[in-house]
file data-v2.cif (mmCIF, C-alpha atoms)
data_model
loop_
_atom_site.group_PDB
_atom_site.id
_atom_site.type_symbol
_atom_site.label_atom_id
_atom_site.label_comp_id
_atom_site.auth_asym_id
_atom_site.auth_seq_id
_atom_site.Cartn_x
_atom_site.Cartn_y
_atom_site.Cartn_z
ATOM 1 C CA MET A 1 -16.460 22.434 -24.743
ATOM 2 C CA ALA A 2 -14.925 19.046 -25.529
ATOM 3 C CA ARG A 3 -16.555 15.684 -26.181
ATOM 4 C CA LEU A 4 -15.157 13.516 -23.410
ATOM 5 C CA GLY A 5 -15.826 10.067 -22.031
ATOM 6 C CA PHE A 6 -15.380 8.437 -18.646
ATOM 7 C CA LEU A 7 -15.369 4.747 -17.734
ATOM 8 C CA GLY A 8 -15.486 3.544 -14.135
ATOM 9 C CA LEU A 9 -17.647 5.625 -11.826
ATOM 10 C CA GLY A 10 -16.694 4.327 -8.410
ATOM 11 C CA ILE A 11 -15.344 6.066 -5.335
ATOM 12 C CA MET A 12 -12.747 7.921 -7.436
ATOM 13 C CA GLY A 13 -14.130 7.908 -10.965
ATOM 14 C CA GLY A 14 -17.589 9.192 -10.095
ATOM 15 C CA PRO A 15 -16.407 12.504 -8.625
ATOM 16 C CA MET A 16 -13.776 12.867 -11.375
ATOM 17 C CA ALA A 17 -16.410 12.539 -14.080
ATOM 18 C CA ARG A 18 -18.642 14.986 -12.239
ATOM 19 C CA HIS A 19 -15.911 17.624 -12.302
ATOM 20 C CA LEU A 20 -15.596 17.240 -16.083
ATOM 21 C CA ILE A 21 -19.353 17.732 -16.428
ATOM 22 C CA GLU A 22 -19.269 20.770 -14.159
ATOM 23 C CA ALA A 23 -16.424 22.205 -16.267
ATOM 24 C CA GLY A 24 -18.894 22.346 -19.154
ATOM 25 C CA HIS A 25 -17.767 19.350 -21.186
ATOM 26 C CA GLU A 26 -20.063 16.868 -22.885
ATOM 27 C CA VAL A 27 -19.259 13.631 -21.047
ATOM 28 C CA ALA A 28 -20.285 10.140 -22.198
ATOM 29 C CA LEU A 29 -20.409 7.744 -19.239
ATOM 30 C CA TRP A 30 -20.180 4.007 -18.632
ATOM 31 C CA SER A 31 -19.970 1.860 -15.508
ATOM 32 C CA HIS A 32 -20.353 -1.835 -14.679
ATOM 33 C CA SER A 33 -23.153 -0.528 -12.422
ATOM 34 C CA PRO A 34 -25.541 1.268 -14.834
ATOM 35 C CA GLY A 35 -27.166 3.217 -12.026
ATOM 36 C CA LYS A 36 -23.966 5.181 -11.476
ATOM 37 C CA ALA A 37 -23.947 6.364 -15.085
ATOM 38 C CA GLN A 38 -27.633 7.243 -14.877
ATOM 39 C CA HIS A 39 -27.012 9.305 -11.740
ATOM 40 C CA LEU A 40 -24.322 11.380 -13.434
ATOM 41 C CA ALA A 41 -26.408 11.626 -16.604
ATOM 42 C CA ALA A 42 -28.963 13.480 -14.495
ATOM 43 C CA LEU A 43 -26.248 16.079 -13.808
ATOM 44 C CA GLY A 44 -25.561 16.616 -17.500
ATOM 45 C CA GLY A 45 -23.666 13.566 -18.724
ATOM 46 C CA VAL A 46 -24.780 10.936 -21.241
ATOM 47 C CA ALA A 47 -25.139 7.325 -20.072
ATOM 48 C CA CYS A 48 -23.869 4.700 -22.528
ATOM 49 C CA ALA A 49 -24.460 0.959 -22.762
ATOM 50 C CA THR A 50 -20.857 -0.055 -23.579
ATOM 51 C CA PRO A 51 -17.324 1.379 -23.576
ATOM 52 C CA ALA A 52 -17.428 1.194 -27.396
ATOM 53 C CA GLU A 53 -20.413 3.548 -27.375
ATOM 54 C CA VAL A 54 -18.471 5.962 -25.164
ATOM 55 C CA ALA A 55 -15.596 5.924 -27.668
ATOM 56 C CA GLN A 56 -17.963 6.658 -30.545
ATOM 57 C CA GLN A 57 -19.154 9.815 -28.789
ATOM 58 C CA SER A 58 -15.772 11.093 -27.561
ATOM 59 C CA GLU A 59 -12.535 12.691 -28.685
ATOM 60 C CA CYS A 60 -10.835 11.851 -25.370
ATOM 61 C CA VAL A 61 -11.833 9.123 -22.917
ATOM 62 C CA PHE A 62 -10.709 8.740 -19.302
ATOM 63 C CA LEU A 63 -10.964 5.520 -17.355
ATOM 64 C CA CYS A 64 -10.509 4.706 -13.680
ATOM 65 C CA VAL A 65 -11.038 1.017 -12.976
ATOM 66 C CA GLY A 66 -9.843 -1.389 -10.333
ATOM 67 C CA ASN A 67 -7.085 -3.526 -11.808
ATOM 68 C CA THR A 68 -5.029 -4.467 -14.850
ATOM 69 C CA GLU A 69 -7.516 -6.990 -16.242
ATOM 70 C CA MET A 70 -10.406 -4.533 -15.963
ATOM 71 C CA SER A 71 -8.379 -1.889 -17.773
ATOM 72 C CA ARG A 72 -7.420 -4.282 -20.559
ATOM 73 C CA GLU A 73 -11.003 -5.525 -20.931
ATOM 74 C CA VAL A 74 -12.709 -2.123 -21.208
ATOM 75 C CA THR A 75 -9.980 -0.883 -23.543
ATOM 76 C CA LEU A 76 -9.259 -3.837 -25.848
ATOM 77 C CA GLY A 77 -11.968 -6.385 -25.077
ATOM 78 C CA ALA A 78 -15.287 -7.070 -26.767
ATOM 79 C CA ARG A 79 -17.319 -3.848 -27.015
ATOM 80 C CA GLY A 80 -14.317 -2.035 -25.536
ATOM 81 C CA LEU A 81 -13.027 1.407 -26.382
ATOM 82 C CA ALA A 82 -10.849 0.216 -29.264
ATOM 83 C CA GLU A 83 -13.892 -1.327 -30.944
ATOM 84 C CA GLY A 84 -15.695 2.018 -31.079
ATOM 85 C CA ALA A 85 -12.650 4.246 -31.583
ATOM 86 C CA SER A 86 -12.124 6.432 -34.597
ATOM 87 C CA GLU A 87 -8.618 7.409 -35.709
ATOM 88 C CA GLY A 88 -7.057 9.939 -33.348
ATOM 89 C CA LEU A 89 -9.098 9.044 -30.266
ATOM 90 C CA VAL A 90 -7.163 9.768 -27.055
ATOM 91 C CA ILE A 91 -7.451 7.351 -24.124
ATOM 92 C CA VAL A 92 -6.178 8.406 -20.693
ATOM 93 C CA ASP A 93 -6.003 5.583 -18.162
ATOM 94 C CA CYS A 94 -6.156 6.905 -14.592
ATOM 95 C CA SER A 95 -6.232 3.385 -13.139
ATOM 96 C CA THR A 96 -3.329 1.959 -11.158
ATOM 97 C CA ILE A 97 -2.221 -1.092 -13.156
ATOM 98 C CA ALA A 98 1.005 -2.888 -14.064
ATOM 99 C CA PRO A 99 3.391 -0.592 -15.985
ATOM 100 C CA SER A 100 4.397 -3.398 -18.366
ATOM 101 C CA ALA A 101 0.760 -4.205 -19.145
ATOM 102 C CA SER A 102 0.027 -0.524 -19.710
ATOM 103 C CA ARG A 103 2.864 -0.334 -22.237
ATOM 104 C CA ARG A 104 1.411 -3.308 -24.087
ATOM 105 C CA ILE A 105 -2.011 -1.685 -24.155
ATOM 106 C CA ALA A 106 -0.457 1.536 -25.466
ATOM 107 C CA ALA A 107 1.344 -0.362 -28.238
ATOM 108 C CA GLU A 108 -1.818 -2.195 -29.300
ATOM 109 C CA LEU A 109 -3.784 1.052 -29.405
ATOM 110 C CA ALA A 110 -1.034 2.776 -31.396
ATOM 111 C CA SER A 111 -1.369 0.039 -34.048
ATOM 112 C CA ARG A 112 -5.000 1.142 -34.351
ATOM 113 C CA SER A 113 -4.115 4.873 -34.548
ATOM 114 C CA VAL A 114 -5.435 5.516 -31.031
ATOM 115 C CA GLU A 115 -3.330 7.683 -28.675
ATOM 116 C CA PHE A 116 -2.787 6.732 -25.051
ATOM 117 C CA LEU A 117 -1.502 8.126 -21.754
ATOM 118 C CA ASP A 118 -1.134 6.408 -18.402
ATOM 119 C CA ALA A 119 -2.179 8.954 -15.775
ATOM 120 C CA PRO A 120 -2.699 7.304 -12.373
ATOM 121 C CA CYS A 121 -3.783 9.679 -9.644
ATOM 122 C CA THR A 122 -3.454 10.031 -5.902
ATOM 123 C CA GLY A 123 -5.433 11.974 -3.348
ATOM 124 C CA SER A 124 -7.984 9.344 -2.359
ATOM 125 C CA LYS A 125 -11.725 9.929 -2.085
ATOM 126 C CA LYS A 126 -11.452 13.465 -0.727
ATOM 127 C CA GLY A 127 -9.081 14.549 -3.495
ATOM 128 C CA ALA A 128 -11.454 13.172 -6.112
ATOM 129 C CA GLU A 129 -14.436 14.912 -4.533
ATOM 130 C CA ASP A 130 -12.616 18.225 -4.111
ATOM 131 C CA GLY A 131 -10.940 18.175 -7.532
ATOM 132 C CA THR A 132 -7.489 18.299 -5.925
ATOM 133 C CA LEU A 133 -5.982 15.045 -7.197
ATOM 134 C CA THR A 134 -2.354 14.637 -8.194
ATOM 135 C CA PHE A 135 -1.756 13.024 -11.602
ATOM 136 C CA MET A 136 1.436 11.261 -12.650
ATOM 137 C CA VAL A 137 1.501 11.002 -16.432
ATOM 138 C CA GLY A 138 3.404 8.750 -18.823
ATOM 139 C CA GLY A 139 3.377 8.870 -22.606
ATOM 140 C CA ASP A 140 3.933 11.470 -25.305
ATOM 141 C CA GLU A 141 4.644 14.882 -23.763
ATOM 142 C CA GLN A 142 2.833 16.812 -26.485
ATOM 143 C CA LEU A 143 -0.249 14.648 -25.960
ATOM 144 C CA PHE A 144 -0.030 15.387 -22.245
ATOM 145 C CA ALA A 145 -0.049 19.104 -23.059
ATOM 146 C CA ARG A 146 -3.231 18.618 -25.095
ATOM 147 C CA VAL A 147 -5.149 16.859 -22.322
ATOM 148 C CA ARG A 148 -3.762 19.003 -19.492
ATOM 149 C CA PRO A 149 -6.848 21.282 -19.361
ATOM 150 C CA TYR A 150 -9.096 18.261 -18.764
ATOM 151 C CA LEU A 151 -6.829 16.910 -16.028
ATOM 152 C CA GLN A 152 -6.842 20.333 -14.386
ATOM 153 C CA ALA A 153 -10.610 20.052 -13.968
ATOM 154 C CA MET A 154 -9.953 17.055 -11.706
ATOM 155 C CA GLY A 155 -6.610 17.803 -10.069
ATOM 156 C CA THR A 156 -4.217 20.497 -8.961
ATOM 157 C CA GLN A 157 -0.815 18.806 -9.310
ATOM 158 C CA LEU A 158 0.210 17.352 -12.675
ATOM 159 C CA TYR A 159 3.561 15.628 -13.171
ATOM 160 C CA TYR A 160 4.907 14.530 -16.525
ATOM 161 C CA CYS A 161 7.012 11.473 -15.690
ATOM 162 C CA GLY A 162 8.322 10.325 -19.066
ATOM 163 C CA GLY A 163 7.385 7.753 -21.684
ATOM 164 C CA PRO A 164 4.723 5.022 -21.594
ATOM 165 C CA GLY A 165 4.295 3.383 -18.197
ATOM 166 C CA MET A 166 6.352 5.971 -16.341
ATOM 167 C CA GLY A 167 3.361 7.578 -14.619
ATOM 168 C CA LEU A 168 2.519 4.171 -13.213
ATOM 169 C CA GLN A 169 6.107 3.557 -12.133
ATOM 170 C CA VAL A 170 5.974 6.777 -10.107
ATOM 171 C CA LYS A 171 2.523 6.046 -8.662
ATOM 172 C CA LEU A 172 3.461 2.544 -7.559
ATOM 173 C CA SER A 173 6.707 3.744 -6.019
ATOM 174 C CA GLN A 174 4.687 6.239 -3.984
ATOM 175 C CA ASN A 175 2.184 3.594 -2.922
ATOM 176 C CA MET A 176 5.051 1.334 -1.878
ATOM 177 C CA ILE A 177 5.985 3.928 0.734
ATOM 178 C CA ILE A 178 2.352 4.355 1.819
ATOM 179 C CA GLY A 179 1.885 0.610 2.265
ATOM 180 C CA ASN A 180 5.069 0.084 4.244
ATOM 181 C CA LEU A 181 4.667 3.263 6.294
ATOM 182 C CA LEU A 182 1.151 2.319 7.344
ATOM 183 C CA GLN A 183 2.354 -1.049 8.594
ATOM 184 C CA ALA A 184 5.094 0.692 10.598
ATOM 185 C CA PHE A 185 2.394 2.906 12.117
ATOM 186 C CA ASN A 186 0.236 -0.125 12.905
ATOM 187 C CA GLU A 187 3.082 -1.878 14.703
ATOM 188 C CA SER A 188 4.202 1.240 16.588
ATOM 189 C CA LEU A 189 0.742 2.236 17.827
ATOM 190 C CA VAL A 190 -0.254 -1.254 18.878
ATOM 191 C CA LEU A 191 3.066 -1.663 20.701
ATOM 192 C CA SER A 192 2.932 1.751 22.398
ATOM 193 C CA THR A 193 -0.703 1.270 23.432
ATOM 194 C CA LYS A 194 0.045 -2.212 24.740
ATOM 195 C CA GLY A 195 2.935 -0.693 26.656
ATOM 196 C CA GLY A 196 0.641 1.822 28.377
ATOM 197 C CA VAL A 197 1.035 4.962 26.233
ATOM 198 C CA LYS A 198 -2.160 6.864 25.426
ATOM 199 C CA PRO A 199 -2.668 6.834 21.634
ATOM 200 C CA GLU A 200 -3.338 10.596 21.529
ATOM 201 C CA LEU A 201 -0.041 11.295 23.295
ATOM 202 C CA MET A 202 1.821 8.980 20.934
ATOM 203 C CA LEU A 203 0.375 10.790 17.919
ATOM 204 C CA GLU A 204 1.313 14.199 19.340
ATOM 205 C CA VAL A 205 4.900 13.041 19.792
ATOM 206 C CA LEU A 206 4.996 11.618 16.252
ATOM 207 C CA ASN A 207 3.579 14.825 14.802
ATOM 208 C CA ASN A 208 6.355 16.825 16.460
ATOM 209 C CA SER A 209 9.291 14.572 15.666
ATOM 210 C CA ALA A 210 11.340 13.305 12.756
ATOM 211 C CA ALA A 211 8.782 10.500 12.445
ATOM 212 C CA ARG A 212 6.092 12.966 11.390
ATOM 213 C CA SER A 213 4.065 11.762 8.424
ATOM 214 C CA GLY A 214 1.131 13.256 6.576
ATOM 215 C CA LEU A 215 -0.307 9.763 6.187
ATOM 216 C CA VAL A 216 -0.088 9.043 9.912
ATOM 217 C CA ALA A 217 -1.496 12.465 10.814
ATOM 218 C CA ALA A 218 -4.467 11.815 8.529
ATOM 219 C CA LYS A 219 -5.174 8.190 9.407
ATOM 220 C CA ALA A 220 -4.467 8.027 13.149
ATOM 221 C CA PRO A 221 -7.528 10.050 14.253
ATOM 222 C CA ALA A 222 -9.764 7.718 12.215
ATOM 223 C CA VAL A 223 -8.200 4.714 13.941
ATOM 224 C CA PHE A 224 -8.689 6.313 17.359
ATOM 225 C CA ARG A 225 -12.422 6.819 16.720
ATOM 226 C CA ARG A 226 -12.730 3.424 14.955
ATOM 227 C CA ASP A 227 -13.864 5.000 11.697
ATOM 228 C CA PHE A 228 -12.871 2.714 8.835
ATOM 229 C CA ALA A 229 -15.134 4.205 6.167
ATOM 230 C CA THR A 230 -13.463 3.665 2.819
ATOM 231 C CA HIS A 231 -11.256 6.315 1.259
ATOM 232 C CA PHE A 232 -8.667 3.883 -0.125
ATOM 233 C CA SER A 233 -9.568 0.257 0.470
ATOM 234 C CA VAL A 234 -7.323 -2.471 1.830
ATOM 235 C CA LYS A 235 -8.018 -4.683 -1.186
ATOM 236 C CA TRP A 236 -6.764 -2.067 -3.639
ATOM 237 C CA LEU A 237 -3.625 -1.319 -1.635
ATOM 238 C CA GLU A 238 -2.898 -5.053 -1.458
ATOM 239 C CA LYS A 239 -3.348 -5.152 -5.234
ATOM 240 C CA ASP A 240 -0.928 -2.261 -5.635
ATOM 241 C CA MET A 241 1.624 -3.964 -3.395
ATOM 242 C CA GLY A 242 1.424 -6.963 -5.715
ATOM 243 C CA LEU A 243 2.068 -4.717 -8.723
ATOM 244 C CA MET A 244 5.076 -3.230 -6.935
ATOM 245 C CA LEU A 245 6.474 -6.713 -6.384
ATOM 246 C CA GLU A 246 5.896 -7.566 -10.061
ATOM 247 C CA SER A 247 7.787 -4.450 -11.112
ATOM 248 C CA ALA A 248 10.567 -5.224 -8.642
ATOM 249 C CA ALA A 249 10.904 -8.735 -10.075
ATOM 250 C CA GLU A 250 11.066 -7.376 -13.619
ATOM 251 C CA LEU A 251 13.790 -4.897 -12.607
ATOM 252 C CA ASN A 252 15.613 -7.291 -10.230
ATOM 253 C CA VAL A 253 15.167 -5.015 -7.205
ATOM 254 C CA PRO A 254 14.880 -6.732 -3.787
ATOM 255 C CA THR A 255 11.825 -5.533 -1.829
ATOM 256 C CA PRO A 256 11.651 -7.545 1.421
ATOM 257 C CA LEU A 257 9.647 -4.976 3.412
ATOM 258 C CA THR A 258 7.015 -4.707 0.706
ATOM 259 C CA SER A 259 6.683 -8.493 0.588
ATOM 260 C CA LEU A 260 5.975 -8.624 4.322
ATOM 261 C CA SER A 261 3.601 -5.666 4.254
ATOM 262 C CA ARG A 262 1.591 -7.220 1.461
ATOM 263 C CA GLN A 263 1.086 -10.362 3.525
ATOM 264 C CA LEU A 264 -0.347 -8.287 6.378
ATOM 265 C CA TYR A 265 -2.798 -6.559 4.008
ATOM 266 C CA ARG A 266 -3.717 -9.987 2.675
ATOM 267 C CA ALA A 267 -4.343 -11.072 6.284
ATOM 268 C CA ALA A 268 -6.653 -8.066 6.714
ATOM 269 C CA ILE A 269 -8.572 -9.138 3.612
ATOM 270 C CA ALA A 270 -8.824 -12.684 4.977
ATOM 271 C CA LYS A 271 -10.269 -11.246 8.196
ATOM 272 C CA GLY A 272 -13.009 -9.508 6.186
ATOM 273 C CA TYR A 273 -11.581 -5.974 6.151
ATOM 274 C CA GLY A 274 -10.751 -5.766 2.437
ATOM 275 C CA GLU A 275 -13.520 -3.348 1.434
ATOM 276 C CA GLU A 276 -12.778 -0.934 4.280
ATOM 277 C CA ASP A 277 -10.173 1.810 4.513
ATOM 278 C CA ILE A 278 -6.500 0.937 4.733
ATOM 279 C CA CYS A 279 -6.297 2.300 8.279
ATOM 280 C CA GLY A 280 -8.557 -0.575 9.321
ATOM 281 C CA SER A 281 -5.703 -2.983 8.637
ATOM 282 C CA ILE A 282 -4.442 -2.219 12.151
ATOM 283 C CA ARG A 283 -7.070 -4.644 13.469
ATOM 284 C CA VAL A 284 -4.963 -7.625 12.397
ATOM 285 C CA LEU A 285 -2.290 -6.749 14.962
ATOM 286 C CA GLU A 286 -4.860 -5.561 17.487
ATOM 287 C CA GLU A 287 -6.553 -8.944 17.436
ATOM 288 C CA ILE A 288 -3.270 -10.828 17.708
ATOM 289 C CA THR A 289 -2.238 -8.764 20.746
ATOM 290 C CA SER A 290 -5.692 -8.244 22.335
ATOM 291 C CA CYS A 291 -5.024 -4.518 22.288
ATOM 292 C CA THR A 292 -7.297 -1.883 20.732
ATOM 293 C CA VAL A 293 -5.881 1.503 19.710
ATOM 294 C CA ILE A 294 -8.779 3.763 20.630
ATOM 295 C CA ALA A 295 -9.091 7.317 21.941
ATOM 296 C CA GLY A 296 -9.036 7.493 25.716
ATOM 297 C CA GLU A 297 -7.787 3.930 26.069
ATOM 298 C CA GLN A 298 -4.603 2.948 27.846
ATOM 299 C CA GLU A 299 -3.192 -0.505 28.452
ATOM 300 C CA THR A 300 -1.537 -1.358 31.761
ATOM 301 C CA PRO A 301 2.183 -1.604 30.941
ATOM 302 C CA VAL A 302 3.577 -5.111 31.168
ATOM 303 C CA GLY A 303 5.152 -5.491 34.613
ATOM 304 C CA ALA A 304 3.498 -2.348 35.965
ATOM 305 C CA GLU A 305 0.530 -3.981 37.672
ATOM 306 C CA GLU A 306 -0.176 -2.871 41.216
ATOM 307 C CA GLY A 307 2.600 -3.881 43.581
ATOM 308 C CA ILE A 308 5.095 -4.669 40.851
ATOM 309 C CA SER A 309 7.986 -2.330 40.207
ATOM 310 C CA ARG A 310 9.756 -2.040 36.853
#

call {"tool": "encode", "arguments": {"input": "data-v2.cif", "output": "structure tokens"}}
result
Amino acid sequence: MARLGFLGLGIMGGPMARHLIEAGHEVALWSHSPGKAQHLAALGGVACATPAEVAQQSECVFLCVGNTEMSREVTLGARGLAEGASEGLVIVDCSTIAPSASRRIAAELASRSVEFLDAPCTGSKKGAEDGTLTFMVGGDEQLFARVRPYLQAMGTQLYYCGGPGMGLQVKLSQNMIIGNLLQAFNESLVLSTKGGVKPELMLEVLNNSAARSGLVAAKAPAVFRRDFATHFSVKWLEKDMGLMLESAAELNVPTPLTSLSRQLYRAAIAKGYGEEDICGSIRVLEEITSCTVIAGEQETPVGAEEGISR
């Protein structure tokens, strides 16, 4: 049994911490919402008042928070992990943040004799709940080997990606494809539905063609039944798209598609859809075109009204 810690107990972090508790580890817990830590404490964890208190009780701490500033604050800020860390503490950041910022955090922690890995994960809410996440890890490879058993309590696929920040570079590159692919799906399904194609038929064709996508296969049925319950929210994907553009600017890589896709996610946030699942972003185009992609619905093709031949 190891003495572990976990910061950030939201839609992803809560189930991840629970798996560590169920694996038999002693887990110190902290969240901006104290009730979340108390809930998991009832399952066998220990609720703490500050990140520093978590560090004092742990040999290895995981965190999964929303953005770069949150990560920096709970790690290096007042009453953060570094404040309560003893020499040799290991911090594993499972958040999706800027690679360059993560490298700076790692360097600052190293100056305090604290070890660090960036280990962003993918698999969304279901992967976190099922313990089937995929982790992409950057940092010292021997340190990765040491924490591997803890990661295996939360995930099934572990990839060592290289030095500091490299796990994040891989994760953001993956999310770049997700963000752009989902916008292509949104455009295609709104256009095909507006043109008179039943959404279910369109999905069947996509699933049996070169355009097949696991993302589309998973998200389309939710769109058809208008279920936008959050698995991966629009606001966090928009944040990730911004991080991708930051990385692209640093590396002088042109990313025109990503720039456009981000604007559409920002439009979805402006419309009030930011807290909902990314598949709900399709409503931006639906509202512009007065066309709803819903099961059993079919638009009359333009020019195909009664008495008009095409």

call {"tool": "residues_near_point", "arguments": {"input": "data-v2.cif", "point": "(-10.4, 25.3, -22.8)", "cutoff": "12 Å", "atoms": "only C-alpha atoms", "output": "VMD selection string"}}
result
chain A and resid 1 to 3 20 23 to 25 146 to 153

call {"tool": "atom_distance", "arguments": {"input": "data-v2.cif", "atom1": "atom CA of A:Phe62", "atom2": "atom CA of A:Asp93"}}
result
5.8 Å

call {"tool": "resolve_selection", "arguments": {"input": "data-v2.cif", "expression": "the PyMOL selection byres ((chain A and resi 263) around 12)", "output": "VMD selection string"}}
result
chain A and resid 179 to 180 183 234 to 235 237 to 239 241 to 242 245 256 to 262 264 to 270 281 284

call {"tool": "write_last_selection", "arguments": {"input": "data-v2.cif", "atoms": "C-alpha atoms", "output": "short mmCIF file (atom, residue, chain, number, x, y, z; two decimals), in the coordinates of the input"}}
result
data_model
loop_
_atom_site.label_atom_id
_atom_site.label_comp_id
_atom_site.auth_asym_id
_atom_site.auth_seq_id
_atom_site.Cartn_x
_atom_site.Cartn_y
_atom_site.Cartn_z
CA GLY A 179 1.88 0.61 2.26
CA ASN A 180 5.07 0.08 4.24
CA GLN A 183 2.35 -1.05 8.59
CA VAL A 234 -7.32 -2.47 1.83
CA LYS A 235 -8.02 -4.68 -1.19
CA LEU A 237 -3.62 -1.32 -1.64
CA GLU A 238 -2.90 -5.05 -1.46
CA LYS A 239 -3.35 -5.15 -5.23
CA MET A 241 1.62 -3.96 -3.40
CA GLY A 242 1.42 -6.96 -5.72
CA LEU A 245 6.47 -6.71 -6.38
CA PRO A 256 11.65 -7.54 1.42
CA LEU A 257 9.65 -4.98 3.41
CA THR A 258 7.02 -4.71 0.71
CA SER A 259 6.68 -8.49 0.59
CA LEU A 260 5.98 -8.62 4.32
CA SER A 261 3.60 -5.67 4.25
CA ARG A 262 1.59 -7.22 1.46
CA LEU A 264 -0.35 -8.29 6.38
CA TYR A 265 -2.80 -6.56 4.01
CA ARG A 266 -3.72 -9.99 2.68
CA ALA A 267 -4.34 -11.07 6.28
CA ALA A 268 -6.65 -8.07 6.71
CA ILE A 269 -8.57 -9.14 3.61
CA ALA A 270 -8.82 -12.68 4.98
CA SER A 281 -5.70 -2.98 8.64
CA VAL A 284 -4.96 -7.62 12.40
#

call {"tool": "atom_distance", "arguments": {"input": "data-v2.cif", "atom1": "atom CA of A:Ala145", "atom2": "atom CA of A:Phe116"}}
result
12.8 Å

call {"tool": "resolve_selection", "arguments": {"input": "data-v2.cif", "expression": "the PyMOL selection byres ((chain A and resi 199) around 8)", "output": "ChimeraX atom specification"}}
result
/A:189,192-193,197-198,200-203,224,293-298

call {"tool": "resolve_selection", "arguments": {"input": "data-v2.cif", "expression": "the PyMOL selection byres ((chain A and resi 223) around 12)", "output": "PyMOL selection string"}}
result
chain A and resi 182+185-186+189-190+199-200+203+216-222+224-229+277-283+286+292-295

call {"tool": "closest_residue", "arguments": {"input": "data-v2.cif", "among": "A:Glu250, A:Glu129, A:Glu276, A:Glu204", "to": "A:Phe232", "atoms": "all atoms listed in the file"}}
result
A:Glu276

call {"tool": "residues_around", "arguments": {"input": "data-v2.cif", "residues": "stretch 66-71 of chain A", "least_positions_apart": "6", "cutoff": "10 Å", "atoms": "all atoms listed in the file", "output": "PyMOL selection string"}}
result
chain A and resi 7-8+10+77+80+93-99+101-102+105+235-236+239-240+243

call {"tool": "atom_distance", "arguments": {"input": "data-v2.cif", "atom1": "atom CA of A:Gln56", "atom2": "atom CA of A:Glu141"}}
result
25.0 Å

call {"tool": "axis_aligned_box", "arguments": {"input": "data-v2.cif", "around": "stretch 142-158 of chain A", "padding_each_side": "3 Å", "output": "lines of an AutoDock Vina configuration file"}}
result
center_x = -3.9
center_y = 18.0
center_z = -17.7
size_x = 19.4
size_y = 12.6
size_z = 23.5

call {"tool": "closest_residue", "arguments": {"input": "data-v2.cif", "among": "A:Gly274, A:Gly167, A:Gly5, A:Gly14", "to": "A:Lys125", "atoms": "all atoms listed in the file"}}
result
A:Gly14

call {"tool": "closest_residue", "arguments": {"input": "data-v2.cif", "among": "A:Glu246, A:Thr230, A:Gly165, A:Leu191", "to": "A:Tyr273", "atoms": "only C-alpha atoms"}}
result
A:Thr230

call {"tool": "closest_residue", "arguments": {"input": "data-v2.cif", "among": "A:Pro51, A:Gly163, A:Gly127, A:Pro120", "to": "A:Gly139", "atoms": "all atoms listed in the file"}}
result
A:Gly163

call {"tool": "closest_residue", "arguments": {"input": "data-v2.cif", "among": "A:Ala211, A:Tyr159, A:Ser173, A:Cys291", "to": "A:Gly196", "atoms": "only C-alpha atoms"}}
result
A:Cys291

call {"tool": "closest_residue", "arguments": {"input": "data-v2.cif", "among": "A:Ala49, A:Met244, A:Leu215, A:Ala28", "to": "A:Ile178", "atoms": "all atoms listed in the file"}}
result
A:Leu215

call {"tool": "build_atoms", "arguments": {"input": "data-v2.cif", "residues": "stretch 136-146 of chain A", "atoms": "N, CA and C atoms", "output": "tab-separated table (two decimals), keeping the file's coordinate frame"}}
result
chain	number	residue	atom	x	y	z
A	136	MET	N	0.09	11.61	-12.21
A	136	MET	CA	1.44	11.26	-12.65
A	136	MET	C	1.29	10.65	-14.04
A	137	VAL	N	1.85	11.31	-15.05
A	137	VAL	CA	1.50	11.00	-16.43
A	137	VAL	C	2.68	10.43	-17.20
A	138	GLY	N	2.41	9.34	-17.94
A	138	GLY	CA	3.40	8.75	-18.82
A	138	GLY	C	2.88	8.69	-20.25
A	139	GLY	N	3.77	8.88	-21.20
A	139	GLY	CA	3.38	8.87	-22.61
A	139	GLY	C	3.99	10.04	-23.35
A	140	ASP	N	3.41	10.38	-24.49
A	140	ASP	CA	3.93	11.47	-25.30
A	140	ASP	C	3.70	12.81	-24.61
A	141	GLU	N	4.75	13.63	-24.50
A	141	GLU	CA	4.64	14.88	-23.76
A	141	GLU	C	3.73	15.88	-24.46
A	142	GLN	N	3.72	15.90	-25.78
A	142	GLN	CA	2.83	16.81	-26.48
A	142	GLN	C	1.37	16.41	-26.30
A	143	LEU	N	1.11	15.11	-26.23
A	143	LEU	CA	-0.25	14.65	-25.96
A	143	LEU	C	-0.67	15.05	-24.55
A	144	PHE	N	0.24	14.93	-23.61
A	144	PHE	CA	-0.03	15.39	-22.24
A	144	PHE	C	-0.42	16.86	-22.24
A	145	ALA	N	0.28	17.68	-23.00
A	145	ALA	CA	-0.05	19.10	-23.06
A	145	ALA	C	-1.46	19.32	-23.59
A	146	ARG	N	-1.89	18.48	-24.51
A	146	ARG	CA	-3.23	18.62	-25.10
A	146	ARG	C	-4.33	18.29	-24.09
